[in-house]
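The structure appears below as structure tokens.
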Amino acid sequence: MDLRWPVYALAVRVGREMLAGTVEVQFERPYLAYDEVNLSYGNLPVVAPAGHRHPCGAAGVPVAAGMGAVRAVIRTDVLNLASAAVAVRSGFVHVKRTLDGGDVLDWFARDLTD
């Protein structure tokens with residue numbers, strides 16, 4: 001029996017009080033295989049000086065791996081270089097570029113079986 005929900009929303013904290021951002025671990029997306037997840041995240045720039053943001057995108061990796069996902073995907077708008085940089089700093093590798101509706105998306109992937 002599969003007990004996974006399609007989406008898990010997580011708060012990412014720095015210390016006990018300060019919220020650094022959020023991350024969603026999204027299973028069952030039509031563009032992914034069954035054992036893949038999409039990670040969606042938002043960093044709050046007020047928690048640290050520029051260039052020292054907490055990598056919220058990486059926070060979903062252990063959750064996804066612990067739930068049996070073998071690969072995580074982060075999709076970013078082609079013009080969102082900051083989000084792409086977060087993916088790369090979090091160990092993701094650019095794998096392709098797609099057109100989704102009117103949006104051009106860069107796909108970054110990370111193997112979770114290591």
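Letters A, B, ... go to the chains of the structure tokens in the order shown; residues in each chain start at 1; ligands are counted from 1 in the same order.
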Residues near segment 67-74 of chain A, cut-off 6 Å, only C-alpha atoms, skip fewer than 6 positions along chain, as a ChimeraX atom specification: /A:35-39,107-113
Alpha helix (DSSP H) per DSSP on the backbone: members of chain A, as a ChimeraX atom specification: /A:56-66,81-89
Please produce a file of those selected residues containing N, CA, C and O atoms, as a PDB file, in the first residue's frame.
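Written out: selection01.pdb:
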```pdb
ATOM      1  N   CYS A  56      17.172  26.359   0.439  1.00  0.00           N
ATOM      2  CA  CYS A  56      15.895  25.696   0.730  1.00  0.00           C
ATOM      3  C   CYS A  56      15.596  24.579  -0.256  1.00  0.00           C
ATOM      4  O   CYS A  56      14.939  23.602   0.095  1.00  0.00           O
ATOM      5  N   GLY A  57      16.068  24.705  -1.475  1.00  0.00           N
ATOM      6  CA  GLY A  57      15.822  23.658  -2.464  1.00  0.00           C
ATOM      7  C   GLY A  57      16.389  22.319  -2.049  1.00  0.00           C
ATOM      8  O   GLY A  57      15.814  21.264  -2.343  1.00  0.00           O
ATOM      9  N   ALA A  58      17.497  22.320  -1.336  1.00  0.00           N
ATOM     10  CA  ALA A  58      18.122  21.072  -0.895  1.00  0.00           C
ATOM     11  C   ALA A  58      17.374  20.437   0.262  1.00  0.00           C
ATOM     12  O   ALA A  58      17.523  19.243   0.520  1.00  0.00           O
ATOM     13  N   ALA A  59      16.550  21.187   0.963  1.00  0.00           N
ATOM     14  CA  ALA A  59      15.868  20.665   2.147  1.00  0.00           C
ATOM     15  C   ALA A  59      14.888  19.547   1.805  1.00  0.00           C
ATOM     16  O   ALA A  59      14.639  18.672   2.635  1.00  0.00           O
ATOM     17  N   GLY A  60      14.361  19.526   0.610  1.00  0.00           N
ATOM     18  CA  GLY A  60      13.424  18.479   0.222  1.00  0.00           C
ATOM     19  C   GLY A  60      14.085  17.174  -0.170  1.00  0.00           C
ATOM     20  O   GLY A  60      13.430  16.134  -0.232  1.00  0.00           O
ATOM     21  N   VAL A  61      15.394  17.201  -0.412  1.00  0.00           N
ATOM     22  CA  VAL A  61      16.098  16.008  -0.880  1.00  0.00           C
ATOM     23  C   VAL A  61      16.001  14.846   0.110  1.00  0.00           C
ATOM     24  O   VAL A  61      15.610  13.741  -0.276  1.00  0.00           O
ATOM     25  N   PRO A  62      16.338  15.032   1.390  1.00  0.00           N
ATOM     26  CA  PRO A  62      16.240  13.881   2.298  1.00  0.00           C
ATOM     27  C   PRO A  62      14.806  13.393   2.504  1.00  0.00           C
ATOM     28  O   PRO A  62      14.574  12.197   2.693  1.00  0.00           O
ATOM     29  N   VAL A  63      13.836  14.301   2.438  1.00  0.00           N
ATOM     30  CA  VAL A  63      12.429  13.895   2.562  1.00  0.00           C
ATOM     31  C   VAL A  63      12.045  13.022   1.371  1.00  0.00           C
ATOM     32  O   VAL A  63      11.470  11.937   1.529  1.00  0.00           O
ATOM     33  N   ALA A  64      12.364  13.469   0.177  1.00  0.00           N
ATOM     34  CA  ALA A  64      12.029  12.719  -1.033  1.00  0.00           C
ATOM     35  C   ALA A  64      12.728  11.367  -1.053  1.00  0.00           C
ATOM     36  O   ALA A  64      12.112  10.348  -1.373  1.00  0.00           O
ATOM     37  N   ALA A  65      14.000  11.344  -0.701  1.00  0.00           N
ATOM     38  CA  ALA A  65      14.753  10.081  -0.690  1.00  0.00           C
ATOM     39  C   ALA A  65      14.180   9.124   0.348  1.00  0.00           C
ATOM     40  O   ALA A  65      14.060   7.920   0.093  1.00  0.00           O
ATOM     41  N   GLY A  66      13.804   9.631   1.502  1.00  0.00           N
ATOM     42  CA  GLY A  66      13.240   8.797   2.553  1.00  0.00           C
ATOM     43  C   GLY A  66      11.881   8.221   2.207  1.00  0.00           C
ATOM     44  O   GLY A  66      11.431   7.245   2.812  1.00  0.00           O
ATOM     45  N   LEU A  81      17.750  33.061 -13.153  1.00  0.00           N
ATOM     46  CA  LEU A  81      19.120  32.584 -12.932  1.00  0.00           C
ATOM     47  C   LEU A  81      19.411  32.315 -11.459  1.00  0.00           C
ATOM     48  O   LEU A  81      20.188  31.422 -11.128  1.00  0.00           O
ATOM     49  N   ALA A  82      18.778  33.065 -10.559  1.00  0.00           N
ATOM     50  CA  ALA A  82      18.990  32.843  -9.129  1.00  0.00           C
ATOM     51  C   ALA A  82      18.473  31.470  -8.716  1.00  0.00           C
ATOM     52  O   ALA A  82      19.129  30.744  -7.967  1.00  0.00           O
ATOM     53  N   SER A  83      17.311  31.081  -9.211  1.00  0.00           N
ATOM     54  CA  SER A  83      16.756  29.774  -8.879  1.00  0.00           C
ATOM     55  C   SER A  83      17.607  28.651  -9.479  1.00  0.00           C
ATOM     56  O   SER A  83      17.841  27.622  -8.841  1.00  0.00           O
ATOM     57  N   ALA A  84      18.076  28.845 -10.683  1.00  0.00           N
ATOM     58  CA  ALA A  84      18.967  27.858 -11.305  1.00  0.00           C
ATOM     59  C   ALA A  84      20.253  27.705 -10.492  1.00  0.00           C
ATOM     60  O   ALA A  84      20.755  26.591 -10.299  1.00  0.00           O
ATOM     61  N   ALA A  85      20.777  28.809  -9.981  1.00  0.00           N
ATOM     62  CA  ALA A  85      21.997  28.759  -9.172  1.00  0.00           C
ATOM     63  C   ALA A  85      21.771  27.983  -7.874  1.00  0.00           C
ATOM     64  O   ALA A  85      22.638  27.232  -7.427  1.00  0.00           O
ATOM     65  N   VAL A  86      20.590  28.136  -7.266  1.00  0.00           N
ATOM     66  CA  VAL A  86      20.258  27.371  -6.060  1.00  0.00           C
ATOM     67  C   VAL A  86      20.251  25.886  -6.377  1.00  0.00           C
ATOM     68  O   VAL A  86      20.784  25.066  -5.625  1.00  0.00           O
ATOM     69  N   ALA A  87      19.655  25.511  -7.495  1.00  0.00           N
ATOM     70  CA  ALA A  87      19.616  24.098  -7.887  1.00  0.00           C
ATOM     71  C   ALA A  87      21.026  23.534  -8.044  1.00  0.00           C
ATOM     72  O   ALA A  87      21.341  22.460  -7.520  1.00  0.00           O
ATOM     73  N   VAL A  88      21.885  24.257  -8.734  1.00  0.00           N
ATOM     74  CA  VAL A  88      23.261  23.791  -8.951  1.00  0.00           C
ATOM     75  C   VAL A  88      24.022  23.701  -7.632  1.00  0.00           C
ATOM     76  O   VAL A  88      24.712  22.714  -7.368  1.00  0.00           O
ATOM     77  N   ARG A  89      23.885  24.702  -6.768  1.00  0.00           N
ATOM     78  CA  ARG A  89      24.557  24.659  -5.458  1.00  0.00           C
ATOM     79  C   ARG A  89      24.044  23.510  -4.598  1.00  0.00           C
ATOM     80  O   ARG A  89      24.740  23.033  -3.710  1.00  0.00           O
TER      81      ARG A  89
END
```
For Val12 of chain A, the nearest of the candidates A:Gly42, A:Leu79, A:Glu28, A:Tyr34, counting only C-alpha atoms: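 Using only C-alpha atoms, the shortest distance to Val12 of chain A belongs to A:Gly42.
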Proximity to Asp103 of chain A - best of A:Ala33, A:Ala11, A:Val78, A:Leu19, only C-alpha atoms: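 For Asp103 of chain A, the nearest of the given residues is A:Val78.
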Spatial neighbours of Asp77 of chain A, max dist 7 Å, only C-alpha atoms, sep filter under 4 positions, as a list in words: Asp103, Val104, Leu105 and Asp106 of chain A
Could those selected residues go to a file with all heavy atoms, as an mmCIF file, in the first residue's frame?
```
data_model
loop_
_atom_site.group_PDB
_atom_site.id
_atom_site.type_symbol
_atom_site.label_atom_id
_atom_site.label_comp_id
_atom_site.auth_asym_id
_atom_site.auth_seq_id
_atom_site.Cartn_x
_atom_site.Cartn_y
_atom_site.Cartn_z
ATOM 1 N N ASP A 103 5.781 28.906 -21.207
ATOM 2 C CA ASP A 103 6.979 29.065 -20.380
ATOM 3 C C ASP A 103 8.107 28.159 -20.852
ATOM 4 O O ASP A 103 7.895 26.976 -21.136
ATOM 5 C CB ASP A 103 6.672 28.729 -18.920
ATOM 6 C CG ASP A 103 5.612 29.638 -18.321
ATOM 7 O OD1 ASP A 103 5.643 30.854 -18.615
ATOM 8 O OD2 ASP A 103 4.766 29.133 -17.566
ATOM 9 N N VAL A 104 9.302 28.720 -20.916
ATOM 10 C CA VAL A 104 10.493 27.928 -21.211
ATOM 11 C C VAL A 104 11.133 27.577 -19.874
ATOM 12 O O VAL A 104 11.447 28.461 -19.072
ATOM 13 C CB VAL A 104 11.488 28.706 -22.100
ATOM 14 C CG1 VAL A 104 12.721 27.866 -22.381
ATOM 15 C CG2 VAL A 104 10.815 29.136 -23.401
ATOM 16 N N LEU A 105 11.287 26.277 -19.618
ATOM 17 C CA LEU A 105 11.792 25.798 -18.330
ATOM 18 C C LEU A 105 13.102 25.042 -18.482
ATOM 19 O O LEU A 105 13.253 24.215 -19.384
ATOM 20 C CB LEU A 105 10.762 24.862 -17.676
ATOM 21 C CG LEU A 105 9.380 25.441 -17.427
ATOM 22 C CD1 LEU A 105 8.457 24.363 -16.878
ATOM 23 C CD2 LEU A 105 9.451 26.634 -16.486
ATOM 24 N N ASP A 106 14.037 25.333 -17.585
ATOM 25 C CA ASP A 106 15.251 24.532 -17.466
ATOM 26 C C ASP A 106 15.003 23.475 -16.402
ATOM 27 O O ASP A 106 14.466 23.771 -15.331
ATOM 28 C CB ASP A 106 16.451 25.402 -17.059
ATOM 29 C CG ASP A 106 17.055 26.132 -18.236
ATOM 30 O OD1 ASP A 106 17.006 25.594 -19.360
ATOM 31 O OD2 ASP A 106 17.578 27.238 -18.038
#
```
Atom CA of Val23 of chain A to atom CA of Arg75 of chain A, distance in Å rounded to a single decimal: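 For atom CA of Val23 of chain A relative to atom CA of Arg75 of chain A, the distance reads 13.2 Å.
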Atom pair atom CA of Thr98 of chain A / atom CA of Val7 of chain A: separation (Å):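 Separation between atom CA of Thr98 of chain A and atom CA of Val7 of chain A: 22.7 Å.
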Residue list (strand (DSSP E), DSSP) for segment 73-110 of chain A, as a list in words: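 Listing strand (DSSP E) positions across segment 73-110 of chain A yields Val73, Ile74, Arg75, Thr76, Asp77, Val93, His94, Val95, Lys96, Arg97, Thr98, Leu99, Asp100, Asp103, Val104, Leu105, Asp106, Trp107, Phe108, Ala109 and Arg110 of chain A.
The gap separating atom CA of Tyr8 of chain A from atom CA of Val25 of chain A is 5.1 Å, in Å to one decimal.
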